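File shown: final_30.cif. Contents: mmCIF, C-alpha atoms and all ligand atoms.
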```cif
data_data
#
loop_
_atom_site.label_atom_id
_atom_site.label_comp_id
_atom_site.auth_asym_id
_atom_site.auth_seq_id
_atom_site.Cartn_x
_atom_site.Cartn_y
_atom_site.Cartn_z
CA MET A 619 7.98 -12.21 -31.58
CA TYR A 620 5.96 -10.13 -29.09
CA ASP A 621 5.14 -6.44 -29.34
CA TYR A 622 5.55 -5.99 -25.58
CA LEU A 623 7.43 -7.82 -22.89
CA ILE A 624 5.79 -6.79 -19.61
CA VAL A 625 8.02 -7.32 -16.59
CA GLY A 626 5.87 -7.72 -13.48
CA ALA A 627 2.40 -9.27 -13.14
CA GLY A 628 1.19 -6.68 -10.61
CA LEU A 629 -1.56 -4.12 -11.18
CA PHE A 630 0.58 -1.96 -13.47
CA GLY A 631 1.63 -4.89 -15.65
CA ALA A 632 -1.86 -6.42 -15.75
CA THR A 633 -3.49 -3.14 -16.76
CA CYS A 634 -0.97 -2.61 -19.57
CA ALA A 635 -1.37 -6.21 -20.73
CA ASP A 636 -5.15 -5.84 -20.89
CA ILE A 637 -5.22 -2.52 -22.76
CA LEU A 638 -2.46 -3.45 -25.20
CA THR A 639 -3.93 -6.89 -25.94
CA LYS A 640 -7.32 -5.34 -26.61
CA ALA A 641 -5.56 -2.98 -29.03
CA GLY A 642 -4.26 -6.00 -30.94
CA LYS A 643 -0.72 -6.04 -29.54
CA LYS A 644 0.93 -9.33 -28.64
CA CYS A 645 2.12 -9.30 -25.03
CA LEU A 646 4.21 -11.58 -22.85
CA VAL A 647 4.00 -11.02 -19.08
CA ILE A 648 6.77 -12.34 -16.85
CA ASP A 649 7.28 -12.28 -13.10
CA LYS A 650 10.11 -13.52 -10.96
CA ARG A 651 7.67 -14.65 -8.28
CA ASN A 652 5.77 -17.93 -8.53
CA HIS A 653 2.42 -16.17 -8.73
CA ILE A 654 0.64 -13.27 -10.44
CA GLY A 655 -0.69 -10.16 -8.68
CA GLY A 656 2.46 -8.54 -7.36
CA ASN A 657 1.80 -7.13 -3.91
CA VAL A 658 -1.96 -7.44 -4.15
CA TYR A 659 -1.72 -11.24 -4.35
CA THR A 660 -4.24 -13.07 -2.18
CA GLU A 661 -4.24 -16.77 -1.33
CA LYS A 662 -7.20 -18.75 -0.07
CA ILE A 663 -6.55 -20.42 3.29
CA GLU A 664 -9.41 -22.23 5.12
CA GLY A 665 -11.95 -20.24 3.06
CA ILE A 666 -10.27 -16.90 3.89
CA ASN A 667 -8.68 -14.73 1.17
CA VAL A 668 -5.37 -13.89 2.83
CA HIS A 669 -3.60 -10.70 1.69
CA LYS A 670 -0.11 -12.22 1.50
CA TYR A 671 1.79 -8.93 1.15
CA GLY A 672 -0.20 -6.88 3.63
CA ALA A 673 -3.72 -5.53 3.85
CA HIS A 674 -4.99 -3.99 0.62
CA ILE A 675 -8.14 -1.92 0.63
CA PHE A 676 -9.11 -0.56 -2.73
CA HIS A 677 -10.31 3.06 -2.65
CA THR A 678 -10.50 5.75 -5.29
CA ASN A 679 -12.10 8.98 -6.39
CA SER A 680 -11.62 8.06 -10.02
CA LYS A 681 -14.79 6.83 -11.67
CA GLU A 682 -12.64 5.80 -14.65
CA VAL A 683 -10.53 3.43 -12.54
CA TRP A 684 -13.51 2.09 -10.57
CA ASP A 685 -15.50 1.36 -13.75
CA TYR A 686 -12.47 -0.13 -15.47
CA LEU A 687 -11.78 -2.62 -12.65
CA SER A 688 -15.48 -3.33 -12.12
CA ASP A 689 -15.51 -4.89 -15.59
CA PHE A 690 -13.33 -7.66 -14.17
CA ILE A 691 -14.64 -8.13 -10.62
CA THR A 692 -17.34 -7.09 -8.17
CA PHE A 693 -16.22 -5.00 -5.20
CA ASN A 694 -17.88 -5.63 -1.83
CA ARG A 695 -18.96 -2.82 0.54
CA PHE A 696 -15.99 -3.05 2.92
CA THR A 697 -15.09 0.28 4.53
CA ASN A 698 -11.76 0.47 6.29
CA SER A 699 -12.07 1.51 9.96
CA PRO A 700 -8.90 0.51 11.76
CA VAL A 701 -8.66 0.69 15.53
CA ALA A 702 -5.58 2.04 17.31
CA ASN A 703 -4.39 0.18 20.40
CA TYR A 704 -2.17 2.33 22.63
CA LYS A 705 -1.09 0.27 25.63
CA GLY A 706 -4.54 -1.32 25.80
CA GLU A 707 -6.48 1.92 25.26
CA LEU A 708 -8.53 1.71 22.05
CA TYR A 709 -9.04 4.72 19.77
CA SER A 710 -10.97 5.14 16.51
CA LEU A 711 -9.09 5.97 13.33
CA PRO A 712 -8.76 8.08 11.32
CA PHE A 713 -8.72 11.08 13.65
CA ASN A 714 -12.35 12.07 14.15
CA MET A 715 -14.89 12.96 16.84
CA TYR A 716 -14.81 9.42 18.31
CA THR A 717 -11.02 9.78 18.72
CA PHE A 718 -11.24 13.28 20.19
CA ASN A 719 -13.97 12.24 22.61
CA LYS A 720 -11.94 9.28 23.88
CA MET A 721 -8.73 11.34 24.12
CA TRP A 722 -10.09 14.48 25.78
CA GLY A 723 -13.72 13.86 26.72
CA VAL A 724 -14.80 16.62 24.32
CA VAL A 725 -18.31 16.27 22.95
CA THR A 726 -18.78 18.90 20.26
CA PRO A 727 -16.68 19.71 17.17
CA ASP A 728 -16.04 23.21 18.55
CA GLU A 729 -14.59 21.75 21.75
CA ALA A 730 -12.35 19.45 19.72
CA ARG A 731 -11.14 22.30 17.50
CA ALA A 732 -10.41 24.45 20.54
CA LYS A 733 -8.31 21.65 22.08
CA ILE A 734 -6.28 21.24 18.87
CA GLU A 735 -5.86 25.01 18.43
CA GLU A 736 -4.45 25.23 21.95
CA GLN A 737 -2.02 22.32 21.41
CA LYS A 738 -0.80 23.38 17.97
CA LYS A 739 0.37 26.79 19.25
CA GLU A 740 3.81 25.27 19.86
CA ILE A 741 4.33 25.06 16.07
CA THR A 742 5.24 28.39 14.58
CA GLY A 743 5.68 28.91 10.86
CA GLY A 744 4.83 26.18 8.33
CA PRO A 745 5.33 22.54 9.42
CA LYS A 746 8.82 21.45 8.36
CA ASN A 747 8.57 17.72 9.02
CA LEU A 748 6.14 14.96 9.96
CA GLU A 749 6.21 15.76 13.69
CA GLU A 750 5.33 19.42 13.15
CA GLN A 751 2.73 18.53 10.54
CA ALA A 752 1.07 16.01 12.89
CA ILE A 753 0.97 18.40 15.86
CA SER A 754 -0.47 21.12 13.60
CA LEU A 755 -3.22 18.78 12.45
CA VAL A 756 -4.27 17.04 15.68
CA GLY A 757 -2.24 18.41 18.58
CA ARG A 758 0.49 16.91 20.76
CA ASP A 759 -1.62 14.39 22.74
CA ILE A 760 -2.73 12.51 19.64
CA TYR A 761 0.72 12.84 18.14
CA GLU A 762 2.30 11.23 21.21
CA LYS A 763 -0.20 8.38 21.59
CA LEU A 764 -1.33 7.54 18.07
CA ILE A 765 1.32 8.78 15.65
CA LYS A 766 4.85 9.00 17.04
CA GLY A 767 5.42 5.35 18.02
CA TYR A 768 3.63 3.88 15.01
CA THR A 769 5.41 6.13 12.53
CA GLU A 770 8.86 5.56 14.00
CA LYS A 771 8.29 1.78 13.90
CA GLN A 772 6.88 1.95 10.38
CA TRP A 773 9.65 4.09 8.89
CA GLY A 774 12.58 3.36 11.24
CA ARG A 775 13.26 7.08 11.34
CA ASP A 776 12.56 9.92 13.74
CA CYS A 777 9.36 11.87 12.96
CA LYS A 778 11.50 15.00 12.68
CA ASP A 779 13.40 13.39 9.78
CA LEU A 780 10.34 12.33 7.79
CA PRO A 781 8.47 14.35 5.16
CA ALA A 782 5.19 15.98 6.23
CA PHE A 783 3.20 14.52 3.31
CA ILE A 784 3.17 10.99 4.80
CA ILE A 785 0.77 12.01 7.57
CA LYS A 786 -1.36 14.17 5.29
CA ARG A 787 -2.62 10.94 3.73
CA LEU A 788 -4.86 10.49 6.78
CA PRO A 789 -8.15 12.37 7.07
CA VAL A 790 -8.84 14.58 10.12
CA ARG A 791 -12.58 15.00 10.62
CA PHE A 792 -14.77 16.89 13.03
CA THR A 793 -17.62 14.44 12.46
CA PHE A 794 -18.36 10.97 13.84
CA ASP A 795 -17.04 9.07 10.84
CA ASN A 796 -14.55 6.19 11.12
CA ASN A 797 -14.07 5.73 7.37
CA TYR A 798 -10.27 5.71 6.96
CA PHE A 799 -10.40 7.04 3.42
CA ASN A 800 -11.86 10.09 1.74
CA ALA A 801 -12.86 8.23 -1.40
CA LEU A 802 -16.04 8.04 -3.40
CA TYR A 803 -15.51 4.35 -4.11
CA GLN A 804 -14.15 1.69 -1.77
CA GLY A 805 -14.22 -2.10 -1.46
CA ILE A 806 -12.48 -5.45 -1.65
CA PRO A 807 -12.70 -7.59 -4.79
CA VAL A 808 -15.13 -10.45 -4.12
CA GLY A 809 -13.11 -13.66 -4.41
CA GLY A 810 -9.78 -11.89 -3.81
CA TYR A 811 -7.31 -9.72 -5.69
CA THR A 812 -5.68 -12.71 -7.40
CA LYS A 813 -9.00 -13.38 -9.14
CA LEU A 814 -9.09 -9.75 -10.29
CA ILE A 815 -5.60 -9.97 -11.80
CA GLU A 816 -6.40 -13.38 -13.34
CA ASN A 817 -9.43 -11.85 -15.04
CA MET A 818 -7.42 -8.84 -16.24
CA LEU A 819 -4.72 -11.05 -17.74
CA GLY A 820 -7.32 -13.23 -19.48
CA ASP A 821 -5.56 -15.23 -22.20
CA VAL A 822 -2.32 -13.22 -22.13
CA GLU A 823 0.72 -15.49 -21.95
CA VAL A 824 2.36 -15.40 -18.51
CA ARG A 825 5.69 -16.90 -17.47
CA LEU A 826 6.30 -17.11 -13.74
CA ASN A 827 9.59 -17.75 -11.90
CA THR A 828 11.31 -15.70 -14.60
CA ASP A 829 13.70 -12.97 -13.54
CA TYR A 830 14.11 -10.35 -16.23
CA LEU A 831 17.40 -8.96 -15.02
CA GLN A 832 18.99 -12.41 -14.87
CA ASN A 833 17.93 -13.24 -18.44
CA LYS A 834 17.79 -9.75 -19.88
CA LYS A 835 19.52 -10.30 -23.19
CA GLU A 836 17.49 -13.33 -24.14
CA LEU A 837 14.18 -11.83 -23.00
CA ASP A 838 14.85 -8.48 -24.72
CA GLY A 839 15.23 -10.44 -27.94
CA LEU A 840 11.63 -11.64 -27.68
CA ALA A 841 9.86 -8.29 -27.96
CA ASP A 842 9.98 -4.90 -29.66
CA LYS A 843 9.42 -3.00 -26.41
CA VAL A 844 9.63 -3.64 -22.70
CA ILE A 845 7.40 -2.37 -19.91
CA TYR A 846 9.43 -2.73 -16.71
CA THR A 847 7.73 -2.54 -13.29
CA GLY A 848 10.63 -3.76 -11.13
CA PRO A 849 12.90 -1.47 -9.07
CA ILE A 850 14.49 1.20 -11.25
CA ASP A 851 17.85 1.07 -9.44
CA ALA A 852 18.08 -2.71 -9.91
CA TYR A 853 17.53 -2.23 -13.67
CA PHE A 854 20.69 -0.13 -13.82
CA GLY A 855 22.68 -2.53 -11.63
CA PHE A 856 22.56 -0.03 -8.71
CA SER A 857 25.22 1.92 -10.64
CA LEU A 858 24.33 5.28 -9.05
CA GLY A 859 23.68 3.84 -5.59
CA THR A 860 20.85 2.02 -3.83
CA LEU A 861 17.41 3.53 -3.35
CA GLU A 862 16.10 2.89 0.16
CA TYR A 863 12.91 0.98 0.89
CA ARG A 864 11.09 -0.20 3.93
CA SER A 865 10.37 -3.89 4.02
CA VAL A 866 7.71 -5.76 5.98
CA ARG A 867 7.88 -9.15 7.64
CA PHE A 868 4.69 -11.03 8.44
CA GLU A 869 4.14 -13.51 11.24
CA ASN A 870 1.07 -15.49 10.28
CA GLU A 871 -1.15 -17.65 12.46
CA LEU A 872 -4.20 -19.76 11.72
CA LEU A 873 -6.32 -19.80 14.87
CA ASN A 874 -9.00 -22.23 15.86
CA SER A 875 -11.30 -19.46 16.94
CA GLU A 876 -14.07 -17.52 15.29
CA SER A 877 -12.62 -14.07 16.02
CA PHE A 878 -9.31 -12.72 17.30
CA GLN A 879 -9.83 -8.96 17.38
CA GLY A 880 -13.24 -8.30 15.80
CA ASN A 881 -11.82 -5.99 13.14
CA ALA A 882 -9.72 -6.28 9.98
CA ALA A 883 -6.94 -3.99 11.23
CA VAL A 884 -5.69 -3.01 14.67
CA ASN A 885 -2.71 -0.63 14.77
CA TYR A 886 -0.37 -0.86 17.76
CA THR A 887 0.68 2.75 18.16
CA ASP A 888 3.01 2.51 21.16
CA ARG A 889 6.76 2.23 20.61
CA GLU A 890 7.22 -0.89 22.77
CA THR A 891 5.01 -3.40 20.90
CA PRO A 892 7.36 -4.68 18.19
CA TRP A 893 4.73 -5.09 15.46
CA THR A 894 2.97 -2.16 13.78
CA ARG A 895 -0.40 -3.79 13.25
CA ILE A 896 -2.35 -7.03 13.23
CA ILE A 897 -4.55 -7.91 10.28
CA GLU A 898 -7.42 -10.36 10.69
CA HIS A 899 -8.12 -11.19 7.06
CA LYS A 900 -11.61 -12.71 7.30
CA TRP A 901 -13.19 -9.33 8.17
CA PHE A 902 -12.38 -7.95 4.71
CA GLU A 903 -15.22 -10.21 3.59
CA PHE A 904 -17.33 -9.93 6.77
CA GLY A 905 -16.23 -13.32 8.12
CA LYS A 906 -18.13 -15.21 5.41
CA ASP A 907 -16.89 -17.70 2.84
CA GLU A 908 -17.91 -17.70 -0.83
CA ASN A 909 -21.21 -19.43 0.03
CA GLY A 910 -22.09 -16.80 2.61
CA ASP A 911 -21.40 -19.15 5.55
CA ASP A 912 -19.55 -18.06 8.71
CA ILE A 913 -15.92 -19.19 8.68
CA PRO A 914 -15.14 -21.10 11.91
CA LYS A 915 -11.40 -20.32 11.97
CA THR A 916 -9.43 -17.12 11.62
CA TYR A 917 -6.10 -16.11 10.09
CA ILE A 918 -4.04 -13.24 11.46
CA SER A 919 -0.83 -11.52 10.37
CA ARG A 920 1.40 -9.46 12.62
CA GLU A 921 3.32 -6.89 10.57
CA TYR A 922 6.89 -5.97 11.47
CA SER A 923 8.53 -3.15 9.59
CA SER A 924 12.24 -3.28 8.77
CA GLU A 925 14.87 -1.53 6.68
CA TRP A 926 15.19 -3.13 3.25
CA LYS A 927 18.44 -4.81 2.26
CA LYS A 928 19.33 -6.53 -1.03
CA GLY A 929 17.43 -9.81 -1.32
CA ASP A 930 14.39 -8.60 0.72
CA GLU A 931 11.07 -7.65 -0.88
CA PRO A 932 10.96 -3.86 -1.36
CA TYR A 933 7.61 -2.60 0.00
CA TYR A 934 7.58 1.14 0.65
CA PRO A 935 9.79 3.63 -1.22
CA VAL A 936 11.32 6.09 1.25
CA ASN A 937 10.45 9.33 -0.51
CA ASP A 938 12.70 11.61 1.52
CA GLU A 939 14.95 14.24 -0.02
CA LYS A 940 18.03 12.07 -0.45
CA ASN A 941 16.18 9.21 -2.14
CA SER A 942 14.00 11.46 -4.27
CA LYS A 943 17.14 13.07 -5.66
CA LEU A 944 18.76 9.73 -6.42
CA TYR A 945 15.57 8.62 -8.14
CA LEU A 946 15.73 11.66 -10.44
CA ASP A 947 19.27 10.68 -11.43
CA TYR A 948 18.04 7.19 -12.32
CA LYS A 949 15.06 8.70 -14.15
CA GLU A 950 17.49 10.57 -16.38
CA LEU A 951 19.09 7.27 -17.34
CA ALA A 952 15.68 5.67 -17.81
CA ASP A 953 14.57 8.40 -20.21
CA LYS A 954 17.48 7.44 -22.48
CA GLU A 955 16.36 3.80 -22.76
CA ASP A 956 14.34 3.99 -25.99
CA LYS A 957 13.02 0.47 -25.84
CA VAL A 958 11.94 0.42 -22.19
CA ILE A 959 9.06 2.09 -20.37
CA PHE A 960 9.39 2.25 -16.57
CA GLY A 961 6.18 2.11 -14.56
CA GLY A 962 4.53 1.27 -11.24
CA ARG A 963 5.50 1.68 -7.63
CA LEU A 964 9.03 0.32 -8.04
CA GLY A 965 9.69 1.49 -11.59
CA GLU A 966 8.78 5.07 -10.65
CA TYR A 967 9.85 4.81 -6.99
CA LYS A 968 6.58 6.36 -5.82
CA TYR A 969 4.35 5.66 -2.81
CA TYR A 970 1.44 4.89 -5.14
CA ASP A 971 -1.91 3.50 -4.05
CA MET A 972 -3.49 0.85 -6.24
CA ASP A 973 -5.84 3.24 -8.00
CA GLN A 974 -3.00 5.61 -8.87
CA VAL A 975 -1.07 2.70 -10.35
CA VAL A 976 -4.04 1.68 -12.50
CA LEU A 977 -4.69 5.26 -13.60
CA LYS A 978 -1.08 5.73 -14.62
CA ALA A 979 -0.97 2.37 -16.41
CA LEU A 980 -4.16 3.20 -18.32
CA GLU A 981 -2.58 6.45 -19.46
CA VAL A 982 0.70 4.81 -20.50
CA ALA A 983 -0.92 1.84 -22.24
CA LYS A 984 -3.54 3.90 -24.07
CA ALA A 985 -0.76 6.11 -25.45
CA LEU A 986 1.03 3.00 -26.75
CA ALA A 987 -2.08 1.22 -28.06
P1 LIG A 1001 3.97 -4.62 -7.67
O1 LIG A 1001 2.68 -5.13 -7.19
O2 LIG A 1001 5.10 -4.55 -6.73
O3 LIG A 1001 4.40 -5.53 -8.94
C1 LIG A 1001 5.68 -5.53 -9.47
C2 LIG A 1001 6.00 -6.95 -9.90
O4 LIG A 1001 7.22 -6.95 -10.62
C3 LIG A 1001 6.17 -7.90 -8.72
O5 LIG A 1001 5.29 -8.99 -8.85
C4 LIG A 1001 7.63 -8.34 -8.83
O6 LIG A 1001 7.84 -9.69 -8.47
C5 LIG A 1001 7.91 -8.14 -10.31
N1 LIG A 1001 9.33 -7.94 -10.58
C6 LIG A 1001 10.18 -7.07 -10.01
N2 LIG A 1001 11.42 -7.22 -10.52
C7 LIG A 1001 11.34 -8.20 -11.45
C8 LIG A 1001 12.29 -8.81 -12.31
N3 LIG A 1001 13.58 -8.45 -12.31
N4 LIG A 1001 11.87 -9.80 -13.13
C9 LIG A 1001 10.58 -10.20 -13.13
N5 LIG A 1001 9.64 -9.65 -12.34
C10 LIG A 1001 10.02 -8.67 -11.50
N6 LIG A 1001 -2.61 0.47 -2.01
C11 LIG A 1001 -3.92 0.78 -1.84
O7 LIG A 1001 -4.53 1.39 -2.74
N7 LIG A 1001 -4.60 0.41 -0.70
C12 LIG A 1001 -4.00 -0.29 0.30
O8 LIG A 1001 -4.63 -0.61 1.32
C13 LIG A 1001 -2.61 -0.61 0.16
N8 LIG A 1001 -1.97 -1.28 1.13
C14 LIG A 1001 -0.64 -1.58 0.96
C15 LIG A 1001 -0.02 -2.31 1.98
C16 LIG A 1001 1.31 -2.66 1.85
C17 LIG A 1001 1.99 -3.45 2.95
C18 LIG A 1001 2.04 -2.24 0.68
C19 LIG A 1001 3.49 -2.58 0.54
C20 LIG A 1001 1.40 -1.54 -0.32
C21 LIG A 1001 0.06 -1.20 -0.20
N9 LIG A 1001 -0.61 -0.52 -1.21
C22 LIG A 1001 -1.93 -0.20 -1.05
C23 LIG A 1001 0.07 -0.14 -2.48
C24 LIG A 1001 -0.10 -1.22 -3.58
O9 LIG A 1001 0.45 -2.44 -3.14
C25 LIG A 1001 0.61 -0.77 -4.86
O10 LIG A 1001 0.15 0.49 -5.27
C26 LIG A 1001 0.44 -1.72 -6.06
O11 LIG A 1001 0.38 -3.07 -5.68
C27 LIG A 1001 1.60 -1.51 -7.01
O12 LIG A 1001 1.47 -2.27 -8.18
P2 LIG A 1001 2.71 -2.42 -9.16
O13 LIG A 1001 2.24 -3.26 -10.31
O14 LIG A 1001 3.30 -1.10 -9.45
O15 LIG A 1001 3.85 -3.16 -8.30
N1 LIG A 1002 -0.04 6.62 10.92
C1 LIG A 1002 0.08 6.78 12.28
N2 LIG A 1002 -0.71 6.05 13.12
C2 LIG A 1002 -1.62 5.15 12.65
C3 LIG A 1002 -1.75 5.00 11.26
C4 LIG A 1002 -0.94 5.73 10.42
O1 LIG A 1002 0.90 7.56 12.74
O2 LIG A 1002 -2.30 4.51 13.45
C5 LIG A 1002 0.85 7.41 10.04
C6 LIG A 1002 2.14 6.66 9.70
O3 LIG A 1002 3.17 7.61 9.61
C7 LIG A 1002 1.84 6.10 8.34
C8 LIG A 1002 1.02 7.22 7.73
O4 LIG A 1002 0.22 7.70 8.81
O5 LIG A 1002 3.02 5.84 7.60
C9 LIG A 1002 0.14 6.80 6.58
O6 LIG A 1002 -0.71 5.77 7.03
P1 LIG A 1002 -1.37 4.74 6.03
O7 LIG A 1002 -2.30 3.88 6.80
O8 LIG A 1002 -1.88 5.49 4.86
O9 LIG A 1002 -0.10 3.87 5.61
P2 LIG A 1002 -0.01 2.59 4.65
O10 LIG A 1002 -1.39 2.17 4.29
O11 LIG A 1002 0.76 3.07 3.48
O12 LIG A 1002 0.71 1.59 5.47
#
```
Please re-express this file's structure in structure tokens.
Ligand code: FAD
Ligand code: UDP
Amino acid sequence: MYDYLIVGAGLFGATCADILTKAGKKCLVIDKRNHIGGNVYTEKIEGINVHKYGAHIFHTNSKEVWDYLSDFITFNRFTNSPVANYKGELYSLPFNMYTFNKMWGVVTPDEARAKIEEQKKEITGGPKNLEEQAISLVGRDIYEKLIKGYTEKQWGRDCKDLPAFIIKRLPVRFTFDNNYFNALYQGIPVGGYTKLIENMLGDVEVRLNTDYLQNKKELDGLADKVIYTGPIDAYFGFSLGTLEYRSVRFENELLNSESFQGNAAVNYTDRETPWTRIIEHKWFEFGKDENGDDIPKTYISREYSSEWKKGDEPYYPVNDEKNSKLYLDYKELADKEDKVIFGGRLGEYKYYDMDQVVLKALEVAKALA
């Protein structure tokens, strides 16, 4: 008999498994996939740690989370600086003085601010949606070239129908600084995320290819309590309706060349290019293999965003009004399940970054330990 059955071997599940095991609890971790790691899973191909479910750059302001994970792995000094490609014109991201200079020829921060002030005049009152929020932050020119097309491809919805908070994730700076994140700590686990999760799970028993919902009765019988990190609506058999997600499809290519685009991420911000971005995985580790040697080949992934349907991998929760309300109805049901704790990006239907998932899992697990 186990104290905890942990459904999902992603970051939430692995953090809970580690803390609870250290507190003397007996845990069993299961995952329906054939590997651990959830969406941070990396696989080594030709010496390159490939981010199989999309680019993952760890960044946080939480010293607690950084120190906790650093006990399991070393982070390298990677700083995310994606490039935007708009019909062949290249712009620096996030929005900063390099971007403003390329867009308008402005040279000083005051000139850039003046340009934005002039363009944001069209928005009166508080921004009511993503479009208005974006124009208020960076003006219409940048909205049209670097935001509108990318966002509508990414979310499959008009910018007027999307919540403002999505774009507020991105920094706007009046300095020459291409660091995509405002975080004290940032990096990629040396050796890949799978290694990190492997180290976190340590000797905890893991069963892969095991779907909880298909074997619920039998699996529930194995443990006193369950920590469930799968989709909350699936747990309840979609009885109140289906929560919407965005899914991502990857087209991968191994190329016999040393470099394809010279950067880890290039975003294609026009509406016509069908993919949202191209990831060149080797640059997360500076093009070197584990011995520090240059890798002669390269591996790229084109990302295509699509609406999720049953059977697809759910990637991004769509936290608009309709879905947020449905989630709260499911949450009410979840609160009545005495034996089950719901957690993580799918269990809580939240657009969590990795560090937020770990922080939340630490809080939950420490309270149970
Ligand atoms: P998951 O990793 O999804 O793990 C849940 C696990 O539960 C999965 O392995 C799944 O197979 C399993 N499961 C589900 N249902 C069942 C079932 N019925 N039975 C058994 N197992 C089940 N965050 C960042 O901080 N930086 C980034 O750069 C970043 N980039 C991202 C890029 C993409 C494309 C996406 C989609 C997300 C990105 N994130 C990023 C967010 C990050 O992936 C998540 O915050 C984190 O991985 C969530 O961990 P989790 O354990 O909650 O969920
Ligand atoms: N975004 C954009 N242009 C870009 C990059 C991002 O308009 O080149 C917008 C888009 O709406 C996206 C949001 O900013 O959903 C947040 O971007 P982020 O890179 O944080 O998204 P994620 O890492 O979750 O894919």
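Residue nearest Phe878 of chain A, chosen from A:Tyr917, A:Tyr768, A:Phe690, A:Phe792 and counting all atoms listed in the file: A:Tyr917.
Note that the spacing between atom CA of Tyr853 of chain A and atom CA of Leu646 of chain A amounts to 18.7 Å.
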Next item on the list: Collect all residues with atoms no farther than 8 Å from ligand LIG 1001 (chain A), counting all atoms listed in the file, and output them as a ChimeraX atom specification.
Entry: /A:625-632,648-651,653-658,671-678,827-832,846-849,852-853,865-866,932-934,961-965,969-975
Check: Which one of A:Pro727, A:Pro892, A:Phe854, A:Tyr798 sits closest to Lys954 of chain A if you count only C-alpha atoms?
Finding: A:Phe854
Item checked: Proximity to Lys915 of chain A - best of A:Ser699, A:Ser688, A:Ser875, A:Asn937, all atoms listed in the file -> A:Ser875
Next item on the list: Could you report the residues within 10 Å of ligand LIG 1002 (chain A), using all atoms listed in the file, as a VMD selection string?
Entry: chain A and resid 672 to 675 700 to 704 709 to 713 748 to 749 752 760 to 773 777 780 to 789 798 to 799 883 to 888 894 to 895 933 to 934 969 to 971
Spatial neighbours of Glu871 of chain A, 9 Å, all atoms listed in the file, chain gap at least 6 places, as a PDB file with C-alpha atoms, in the coordinates of the input:
```
ATOM      1  CA  THR A 916      -9.430 -17.120  11.620  1.00  0.00           C
ATOM      2  CA  TYR A 917      -6.100 -16.110  10.090  1.00  0.00           C
ATOM      3  CA  ILE A 918      -4.040 -13.240  11.460  1.00  0.00           C
ATOM      4  CA  SER A 919      -0.830 -11.520  10.370  1.00  0.00           C
ATOM      5  CA  ARG A 920       1.400  -9.460  12.620  1.00  0.00           C
TER       6      ARG A 920
END
```
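Taking atom CA of Arg695 of chain A and atom CA of Val725 of chain A as endpoints, the distance between them is 29.4 Å.
Distance check against Leu977 of chain A using all atoms listed in the file: of A:Asn667, A:Ser680, A:Asn941, A:Thr639, the minimum falls on A:Ser680.
Taking atom CA of Lys968 of chain A and atom CA of Pro935 of chain A as endpoints, the distance between them is 6.2 Å.
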Item checked: Close residues, Leu858 of chain A itself excluded, 8 Å, only C-alpha atoms, min 3 positions apart in chain, as JSON, numbers by chain -> {"A": [851, 944, 947, 948]}
Notebook entry, point to check: Leaving out Gln879 of chain A and any residue of its chain fewer than 6 positions from it, which residues lie within 9 Å of it when counting only C-alpha atoms, given as a PyMOL selection string?
Noted result: chain A and resi 896-898
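With all atoms listed in the file as the atoms that count, the residue of A:Leu819, A:Glu931, A:Leu951, A:Thr697 with the shortest distance to Cys634 of chain A is A:Leu819.
The closest residue to Leu980 of chain A, picked from A:Leu687, A:Val647, A:Met619, A:Ile624 and counting all atoms listed in the file, is A:Leu687.
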Checklist line | Close residues, segment 899-905 of chain A itself excluded, 6 Å, only C-alpha atoms, min 5 positions apart in chain, as a ChimeraX atom specification | finding: /A:666,668,882,912-913
Output C-alpha atoms for every residue in that selection, as a PDB file, in the frame of the given file.
```
ATOM      1  CA  ILE A 666     -10.270 -16.900   3.890  1.00  0.00           C
ATOM      2  CA  VAL A 668      -5.370 -13.890   2.830  1.00  0.00           C
ATOM      3  CA  ALA A 882      -9.720  -6.280   9.980  1.00  0.00           C
ATOM      4  CA  ASP A 912     -19.550 -18.060   8.710  1.00  0.00           C
ATOM      5  CA  ILE A 913     -15.920 -19.190   8.680  1.00  0.00           C
TER       6      ILE A 913
END
```
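The list of residues with at least one atom within 8 Å of Arg867 of chain A, based on only C-alpha atoms and without residues fewer than 2 positions apart in the same chain, reads Ser865, Glu869, Glu921, Tyr922, Ser923 and Ser924 of chain A.
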